[in-house]
Every structure is written in C-alpha cells, then in structure tokens.
2 protein chains.
Amino acid sequence: MSIDLDAKTRGKREETKASNRQAIIDAARRVFAELGYGATTVRDIIRATDLASGTFYNYFKSKEEVFQALQDETALRVRPRLRAERVRARNFEEFISGSFRTFFDFVKNDHATFATMRRNPEMQRVRIDTPEVVAGFDELRADLERAIESGVVPDADPDLLMASIVGVAFEVANHLVAREDLSVDDAAKFATALFLGGVQALPKRRRG
Amino acid sequence: MSIDLDAKTRGKREETKASNRQAIIDAARRVFAELGYGATTVRDIIRATDLASGTFYNYFKSKEEVFQALQDETALRVRPRLRAERVRARNFEEFISGSFRTFFDFVKNDHATFATMRRNPEMQRVRIDTPEVVAGFDELRADLERAIESGVVPDADPDLLMASIVGVAFEVANHLVAREDLSVDDAAKFATALFLGGVQALPKRRRG
DNA sequence: GTGAAAAGTTGACGGCGCGTCACCCATCCT
DNA sequence: AGGATGGGTGACGCGCCGTCAACTTTTCAC
C-alpha cells in the first residue's frame with residue numbers, strides 16, 4: 001500500500017484505461033518523430049505498444065485524433081508559461097517581448113515536439129483548432145483587445161494583429177530549429193522590435 | 001491545317017502525353033478542392049479522368065507530386081506579377097506595399113486555389129519547397145538583401161525578415177479568404193504599415 | 001467468496017488503395 | 001508495309017483500414 005495512489009482513488013479499470021491512452025500517445029509521439037505524420041499509419045502506432053490493433057479505436061478515431069491529443073499536451077505545457085509571462089508584464093512592450101521569448105524558448109528547448117512538424121512534408125504549421133490551442137489563442141487575443149481598449153495599442157483590427165503575431169512567431173520559430181547560430185534572444189529581440197515598431201505605425205481603423 | 005499547331009511541332013505521341021498530364025492535374029485540382037488533400041486518393045484522381053490507374057504512375061509518383069505540380073502552376077501565375085510589382089517600385093515602401101497588395105489580390109481573386117488549402121485539416125500553408133515557389137522566395141530575398149546593402153533597410157537578419165514577411169502574408173491571407181468584410185486594400189495597408197514601421201525599429205545586427 | 005453483468009481487449013475479416021508488371025495496341029520510323 | 005518503341009491498361013499481391021463476435025478481466029450485489 002505504498003505506491004498505488006491510483007488504485008485507491010479509481011478502480012483498476014479506469015487506471016488501465018488512462019495508462020493505455022497514454023501508451024498510445026507516447027508511441028505516437030515516437031513514431032511521428034521517426035516516420036513523419038504523413039507516413040505513419042495507425043498500425044505503426046499500435047505496433048509500438050503492446051496492445052492489439054482494435055484497441056486503438058477504443059481510444060481514438062484516427063491518427064489525426066491522436067495527433068490532436070499530442071498537440072493539446074504540448075499546448076498544455078506552453079499555455080501556462082505564456083499566461084504567466086503576460087500577467088507579469090507591466091506594459092505592452094513586456095507583454096509582447098515576454099510572449100515571443102517564452103514561445104521561442106519553448107521551441108528551441110523542445111526540438112522533439114517540432115521535429116515531427118518539420119519532418120512532415122504536408123504540414124508546415126500546427127493545426128490551430130484543437131481545444132487547448134484555440135483556448136491559448138483566445139487568451140492572447142483577449143489580452144490584445146484589452147490593450148487596444150486601454151489605448152496602449154492603436155485601434156487596429158485584432159484579427160490582423162493576432163495573425164501577424166502568430167505568423168511571425170511560427171515562421172521565425174522555424175528558423176530557430178533549422179539554424180544553429182540563431183539564439184532565442186536574437187529571435188525574440190527581432191520579433192519584438194519588429195512588432196512593436198510596426199504597431200506604432202499602424203493605420204487607425206475606421207469604426208463601423 | 002488550322003488548329004493543329006501541336007500536331008505539326010510535336011507528334012501525336014508527345015501531344016497525348018501533354019494532354020494526359022494536364023488531364024490528371026485538372027482532375028486533381030477538382031478532387032482536392034472537393035475532398036481536401038488528406039482525404040483524396042490517387043484512385044480518386046484517376047477515376048476523375050478517363051485513364052487507367054496504372055497511367056497515373058507514368059506521370060507522377062504520388063498524389064504529393066501532383067499537388068506540387070498544382071502549386072507550381074499557381075506560383076507560375078503569381079511570380080511574374082510580384083516581380084513586375086517589385087521592378088516598378090521606386091522605393092522600399094512601394095516595394096513592400098506592392099508585394100503585399102499583389103499577393104493579397106491574388107489570394108482574394110483566386111479563392112479556388114486556396115480553398116483546397118483551407119479545406120485540408122493537416123496543412124495550413126503551402127509547401128514552400130517546390131521549384132517555382134522556392135524560386136519566387138529567392139527572388140524576393142535577393143531584392144531584400146539588395147535593399148539592406150543599399151542601406152534602405154536596417155542591417156537585420158535577412159532570414160528573419162523573409163520569415164516575417166512570409167508569416168504575415170500567409171497568415172493575413174487566411175483571414176482574407178475567411179472574412180467577407182476584409183478588403184484587399186485594408187489588408188495590404190495593414191501589413192505594409194506593420195512591416196515598414198517594424199523594420200525601422202529593428203536592432204542592428206552584430207556583424208560576425 | 002461467488003457468480004452474473006459490465007467493460008474492455010483481441011485478432012481475424014471484408015473492403016479498398018497502393019504501386020507494379022506483363023500484356024497489348026497505337027504511333028513512329030525506315 | 002512492318003518491325004520497333006513508347007506507353008496505356010487493369011489484374012495482382014500486399015498491407016492498412018475500421019469493425020465485430022468471441023473472450024478475458026474487473027466490478028458489483030448478495
């Protein structure tokens with residue numbers, strides 16, 4: 001009765017359920033990283049566990065769905081960091097710079113996660129519609145709108161502001177994993193300066 | 001001897017070869033648009049022509065390869081327009097603004113091309129490594145480096161400049177096809193202002 | 001503790017897309 | 001004309017797909 005914290009709270013049934021799910025996700029992470037998303041099959045994933053093929057479908061409908069689960073796991077790790085960084089920020093400059101830096105830092109130190117992405121020929125960016133990812137974007141957007149509200153940022157189209165941040169962030173992140181000589185600090189400084197400088201120059205939006 | 005311009009230059013052999021190739025590409029465009037890239041199979045494409053399944057493989061190795069051919073066709077249409085716009089530009093501001101505007105205009109007026117892209121869950125951006133596309137990027141990059149050389153643009157990392165332009169362009173283009181109320185002009189003004197303003201604020205690069 | 005019900009795992013199965021290849025026909029060349 | 005060449009054809013073997021009936025394990029009531 002020492003380590004079975006699980007066994008007492010939830011029965012053995014629920015326990016293996018969670019463990020199987022995790023086994024599949026872990027196997028998927030490994031296999032995606034090795035073969036790339038496009039080339040891996042559901043069979044490849046299930047073969048990398050000790051489960052039977054049918055079992056896969058008790059947990060996920062397709063490889064697409066496991067992939068989304070993977071992304072949600074990733075987003076779950078980055079989102080709190082980004083949020084914390086935004087909360088800490090005392091002005092808009094810190095807000096932006098903290099966000100870029102945190103994101104780039106994560107990308108650089110978590111190569112493995114992004115390797116799958118890069119190895120895959122048919123997908124250059126993460127899907128942006130898994131729940132965790134969407135939630136993360138929504139948070140950022142809300143903060144951005146608050147900044148506009150309070151006059152710290154010119155009254156520009158929030159959609160386009162978001163699009164620009166996201167576009168620059170992901171595109172620069174690509175170079176961060178591809179190039180050895182590019183530091184997180186340089187990337188963050190670049191993106192921050194570009195964005196902050198750009199925002200100041202933005203045209204006023206005509207109100208409907 | 002009126003319309004067979006083809007038949008005299010090249011024999012019937014070459015002619016049907018070209019026509020088959022085009023038939024496959026056209027079918028692919030239709031099928032990708034309807035089913036999305038991920039869901040369509042080589043059989044779907046070939047079924048949409050009156051050719052036999054084996055014939056497909058005389059022309060392309062995989063659906064991936066047809067897709068690249070499709071993209072090259074697209075790039076072939078945009079690239080000259082972008083180049084012309086850059087040549088016409090009398091300063092850096094016109095250079096950037098013309099590029100964004102041309103690209104956005106193309107995206108907005110060529111919905112069909114981008115529908116495939118958007119319908120597909122596993123690919124949010126075009127591949128950037130087909131020959132035509134790469135060539136287009138290279139051109140832009142060369143012009144950018146020339147601008148840096150001549151001092152019009154701060155001596156920033158050209159990779160990151162490119163990444164930013166591309167990131168903003170594609171991300172804003174997404175909104176352009178998704179939103180009815182966003183005009184090419186607004187999008188172009190936004191992207192141009194953001195980028196030009198941002199460039200001015202960029203940190204000097206420490207030379208190696 | 002026992003036995004029946006519920007939950008979950010297993011792998012075999014029909015269906016289908018894959019890429020190949022032996023066959024065959026249309027075009028080309030002399 | 002007729003042999004040679006290029007290339008269209010579709011059947012084939014293979015492997016993956018998602019399903020499902022049979023089986024095993026856990027749970028629960030008594």
# chains A, B, ... in the order shown; residues from 1 in each chain; ligands from 1

$ interface_residues --of "chain B" --to "chain D" --cutoff "12 Å" --atoms "only C-alpha atoms (C1' of nucleotides)" --output "VMD selection string"
chain B and resid 12 to 14 16 to 17 20 50 to 59

$ interface_residues --of "chain C" --to "chain B" --cutoff "12 Å" --atoms "only C-alpha atoms (C1' of nucleotides)" --output "list in words"
DC16, DG17, DC18, DG19, DT20, DC21, DA26, DT27 and DC28 of chain C

$ write_last_selection --atoms "C-alpha atoms (C1' of nucleotides)" --output "mmCIF file, in the first residue's frame"
data_model
loop_
_atom_site.group_PDB
_atom_site.id
_atom_site.type_symbol
_atom_site.label_atom_id
_atom_site.label_comp_id
_atom_site.auth_asym_id
_atom_site.auth_seq_id
_atom_site.Cartn_x
_atom_site.Cartn_y
_atom_site.Cartn_z
ATOM 1 C "C1'" DC C 16 -10.068 -0.965 -50.537
ATOM 2 C "C1'" DG C 17 -5.968 1.799 -52.035
ATOM 3 C "C1'" DC C 18 -1.302 1.016 -53.049
ATOM 4 C "C1'" DG C 19 2.450 0.519 -56.718
ATOM 5 C "C1'" DT C 20 3.919 -2.981 -60.172
ATOM 6 C "C1'" DC C 21 4.123 -5.511 -64.302
ATOM 7 C "C1'" DA C 26 -1.187 2.907 -81.321
ATOM 8 C "C1'" DT C 27 2.339 5.680 -83.175
ATOM 9 C "C1'" DC C 28 6.790 6.176 -85.262
#

$ interface_residues --of "chain B" --to "chain A" --cutoff "6 Å" --atoms "only C-alpha atoms" --output "PyMOL selection string"
chain B and resi 122-123+163-164+167-168+171-172+193-195+197-199+201-202

$ calpha_fit_and_write --fixed "chain B" --moving "chain A" --output "compact mmCIF listing (two decimals) with C-alpha atoms, in the first residue's frame"
# COMPACT_ATOMS: atom_id res chain seq x y z
CA MET A 1 -4.70 22.11 -91.17
CA SER A 2 -6.15 24.88 -89.16
CA ILE A 3 -5.88 24.22 -85.45
CA ASP A 4 -3.26 21.53 -85.20
CA LEU A 5 -0.44 23.81 -84.25
CA ASP A 6 0.52 21.12 -81.84
CA ALA A 7 0.49 18.26 -84.29
CA LYS A 8 3.06 19.81 -86.55
CA THR A 9 5.57 20.90 -83.94
CA ARG A 10 5.47 17.78 -81.83
CA GLY A 11 4.18 14.37 -82.85
CA LYS A 12 0.95 12.91 -81.63
CA ARG A 13 2.87 11.01 -78.98
CA GLU A 14 4.16 14.11 -77.23
CA GLU A 15 0.82 15.75 -77.65
CA THR A 16 -1.23 13.18 -75.78
CA LYS A 17 1.49 13.04 -73.19
CA ALA A 18 1.04 16.71 -72.44
CA SER A 19 -2.72 16.41 -72.58
CA ASN A 20 -2.79 13.44 -70.21
CA ARG A 21 -0.57 15.21 -67.75
CA GLN A 22 -2.80 18.24 -67.84
CA ALA A 23 -5.91 16.09 -67.50
CA ILE A 24 -4.51 14.57 -64.34
CA ILE A 25 -3.54 17.94 -62.91
CA ASP A 26 -6.96 19.40 -63.68
CA ALA A 27 -8.74 16.43 -62.17
CA ALA A 28 -6.54 16.69 -59.11
CA ARG A 29 -7.39 20.36 -58.69
CA ARG A 30 -11.09 19.56 -58.77
CA VAL A 31 -10.86 16.57 -56.47
CA PHE A 32 -8.58 18.25 -53.94
CA ALA A 33 -10.98 21.17 -53.82
CA GLU A 34 -13.91 18.87 -53.21
CA LEU A 35 -12.49 16.31 -50.81
CA GLY A 36 -9.47 18.07 -49.37
CA TYR A 37 -5.92 16.89 -49.85
CA GLY A 38 -5.81 14.40 -47.00
CA ALA A 39 -8.99 12.60 -47.99
CA THR A 40 -8.36 12.24 -51.69
CA THR A 41 -6.69 9.15 -53.06
CA VAL A 42 -4.78 8.60 -56.27
CA ARG A 43 -7.74 6.52 -57.38
CA ASP A 44 -10.11 9.44 -56.85
CA ILE A 45 -7.98 11.57 -59.10
CA ILE A 46 -7.59 9.03 -61.85
CA ARG A 47 -11.28 8.17 -61.73
CA ALA A 48 -12.00 11.83 -62.46
CA THR A 49 -10.21 11.41 -65.78
CA ASP A 50 -10.83 8.79 -68.46
CA LEU A 51 -7.45 7.19 -67.94
CA ALA A 52 -6.58 3.90 -66.30
CA SER A 53 -5.12 3.70 -62.84
CA GLY A 54 -1.71 2.56 -64.03
CA THR A 55 -1.37 5.58 -66.27
CA PHE A 56 -1.26 7.90 -63.29
CA TYR A 57 2.12 6.49 -62.34
CA ASN A 58 3.57 7.26 -65.75
CA TYR A 59 3.19 10.91 -64.85
CA PHE A 60 3.46 11.23 -61.08
CA LYS A 61 4.84 9.12 -58.28
CA SER A 62 2.12 10.02 -55.78
CA LYS A 63 -0.68 12.44 -55.00
CA GLU A 64 1.93 14.49 -53.18
CA GLU A 65 3.72 15.00 -56.48
CA VAL A 66 0.60 16.12 -58.35
CA PHE A 67 -0.02 18.53 -55.54
CA GLN A 68 3.40 20.01 -55.99
CA ALA A 69 2.73 20.36 -59.70
CA LEU A 70 -0.44 22.24 -58.83
CA GLN A 71 1.44 24.58 -56.57
CA ASP A 72 4.05 25.16 -59.21
CA GLU A 73 1.29 26.13 -61.62
CA THR A 74 -0.03 28.57 -59.07
CA ALA A 75 3.38 30.00 -58.28
CA LEU A 76 3.97 30.37 -61.99
CA ARG A 77 0.98 32.67 -62.17
CA VAL A 78 1.83 34.80 -59.13
CA ARG A 79 5.56 35.05 -59.45
CA PRO A 80 5.68 37.26 -62.57
CA ARG A 81 3.15 39.61 -61.05
CA LEU A 82 5.17 39.94 -57.88
CA ARG A 83 8.35 40.45 -59.83
CA ALA A 84 6.76 43.10 -62.02
CA GLU A 85 5.50 44.88 -58.94
CA ARG A 86 8.95 44.90 -57.40
CA VAL A 87 10.57 46.18 -60.56
CA ARG A 88 8.07 49.00 -60.76
CA ALA A 89 8.73 50.04 -57.17
CA ARG A 90 10.68 53.29 -56.85
CA ASN A 91 11.45 52.87 -53.15
CA PHE A 92 11.25 50.36 -50.37
CA GLU A 93 7.78 51.41 -49.34
CA GLU A 94 6.43 50.68 -52.80
CA PHE A 95 8.38 47.48 -52.90
CA ILE A 96 6.71 46.13 -49.77
CA SER A 97 3.30 47.57 -50.35
CA GLY A 98 3.21 46.31 -53.95
CA SER A 99 4.22 42.83 -52.87
CA PHE A 100 1.61 42.52 -50.16
CA ARG A 101 -1.13 44.02 -52.30
CA THR A 102 -0.39 41.79 -55.27
CA PHE A 103 -0.28 38.70 -53.16
CA PHE A 104 -3.49 39.50 -51.30
CA ASP A 105 -5.21 40.41 -54.53
CA PHE A 106 -4.25 37.08 -55.98
CA VAL A 107 -5.44 35.20 -52.92
CA LYS A 108 -8.77 36.99 -52.82
CA ASN A 109 -9.49 36.53 -56.52
CA ASP A 110 -8.31 32.97 -56.65
CA HIS A 111 -10.30 31.52 -53.81
CA ALA A 112 -10.41 28.17 -55.55
CA THR A 113 -6.68 27.67 -55.22
CA PHE A 114 -6.71 28.40 -51.54
CA ALA A 115 -9.89 26.51 -50.80
CA THR A 116 -7.97 23.26 -51.09
CA MET A 117 -5.45 24.57 -48.67
CA ARG A 118 -8.02 25.65 -46.13
CA ARG A 119 -10.23 22.60 -46.42
CA ASN A 120 -7.33 20.43 -45.58
CA PRO A 121 -6.94 19.80 -41.87
CA GLU A 122 -3.38 18.61 -42.00
CA MET A 123 -1.82 21.41 -43.93
CA GLN A 124 -2.30 25.02 -43.04
CA ARG A 125 0.33 26.47 -45.30
CA VAL A 126 1.62 25.68 -48.75
CA ARG A 127 4.71 23.58 -48.96
CA ILE A 128 7.53 25.93 -49.49
CA ASP A 129 9.93 23.72 -51.34
CA THR A 130 8.59 23.19 -54.81
CA PRO A 131 10.95 24.65 -57.41
CA GLU A 132 8.76 27.52 -58.54
CA VAL A 133 7.89 28.55 -55.00
CA VAL A 134 11.47 28.38 -53.85
CA ALA A 135 12.53 30.42 -56.85
CA GLY A 136 9.93 33.02 -56.00
CA PHE A 137 11.15 33.25 -52.43
CA ASP A 138 14.75 33.46 -53.58
CA GLU A 139 13.95 36.40 -55.82
CA LEU A 140 12.26 38.22 -53.02
CA ARG A 141 15.12 37.50 -50.72
CA ALA A 142 17.71 38.72 -53.20
CA ASP A 143 15.82 41.98 -53.59
CA LEU A 144 15.61 42.27 -49.84
CA GLU A 145 19.34 41.80 -49.46
CA ARG A 146 19.94 44.40 -52.11
CA ALA A 147 17.78 46.80 -50.12
CA ILE A 148 19.86 46.11 -47.03
CA GLU A 149 23.05 46.54 -49.03
CA SER A 150 21.95 49.93 -50.26
CA GLY A 151 21.00 51.01 -46.77
CA VAL A 152 17.28 51.41 -47.39
CA VAL A 153 16.62 48.73 -44.81
CA PRO A 154 18.44 48.37 -41.52
CA ASP A 155 21.05 45.68 -41.54
CA ALA A 156 18.85 43.00 -40.02
CA ASP A 157 18.96 39.25 -40.49
CA PRO A 158 17.54 38.60 -43.98
CA ASP A 159 16.25 35.18 -42.95
CA LEU A 160 14.17 36.72 -40.22
CA LEU A 161 12.95 39.50 -42.46
CA MET A 162 11.84 36.97 -45.02
CA ALA A 163 10.25 34.83 -42.34
CA SER A 164 8.29 37.81 -41.07
CA ILE A 165 7.05 38.89 -44.47
CA VAL A 166 6.03 35.37 -45.34
CA GLY A 167 4.45 34.73 -41.97
CA VAL A 168 2.41 37.90 -42.02
CA ALA A 169 1.48 37.45 -45.67
CA PHE A 170 0.14 33.94 -45.30
CA GLU A 171 -1.51 34.48 -41.99
CA VAL A 172 -3.30 37.61 -43.10
CA ALA A 173 -4.21 35.88 -46.36
CA ASN A 174 -6.02 33.27 -44.31
CA HIS A 175 -8.27 35.92 -42.84
CA LEU A 176 -8.76 37.38 -46.28
CA VAL A 177 -10.41 34.23 -47.56
CA ALA A 178 -12.22 33.54 -44.31
CA ARG A 179 -13.74 36.98 -43.77
CA GLU A 180 -16.11 38.69 -46.16
CA ASP A 181 -15.65 42.15 -44.69
CA LEU A 182 -11.90 42.33 -45.09
CA SER A 183 -10.79 44.05 -48.27
CA VAL A 184 -7.55 43.52 -50.13
CA ASP A 185 -6.82 47.19 -49.64
CA ASP A 186 -7.24 47.10 -45.88
CA ALA A 187 -5.17 43.97 -45.57
CA ALA A 188 -2.41 45.39 -47.73
CA LYS A 189 -2.37 48.68 -45.84
CA PHE A 190 -2.20 46.88 -42.55
CA ALA A 191 0.61 44.53 -43.51
CA THR A 192 2.59 47.28 -45.19
CA ALA A 193 2.34 49.67 -42.29
CA LEU A 194 3.19 46.99 -39.78
CA PHE A 195 6.18 45.80 -41.68
CA LEU A 196 7.59 49.16 -42.68
CA GLY A 197 7.12 50.58 -39.23
CA GLY A 198 8.66 47.48 -37.73
CA VAL A 199 11.69 47.50 -39.95
CA GLN A 200 12.61 50.99 -38.83
CA ALA A 201 12.65 49.84 -35.22
CA LEU A 202 14.81 46.80 -35.85
CA PRO A 203 17.99 46.33 -33.82
CA LYS A 204 21.25 46.59 -35.72
CA ARG A 205 22.79 43.25 -36.40
CA ARG A 206 26.18 42.60 -34.97
CA ARG A 207 28.43 41.73 -37.89
CA GLY A 208 30.39 38.48 -37.57
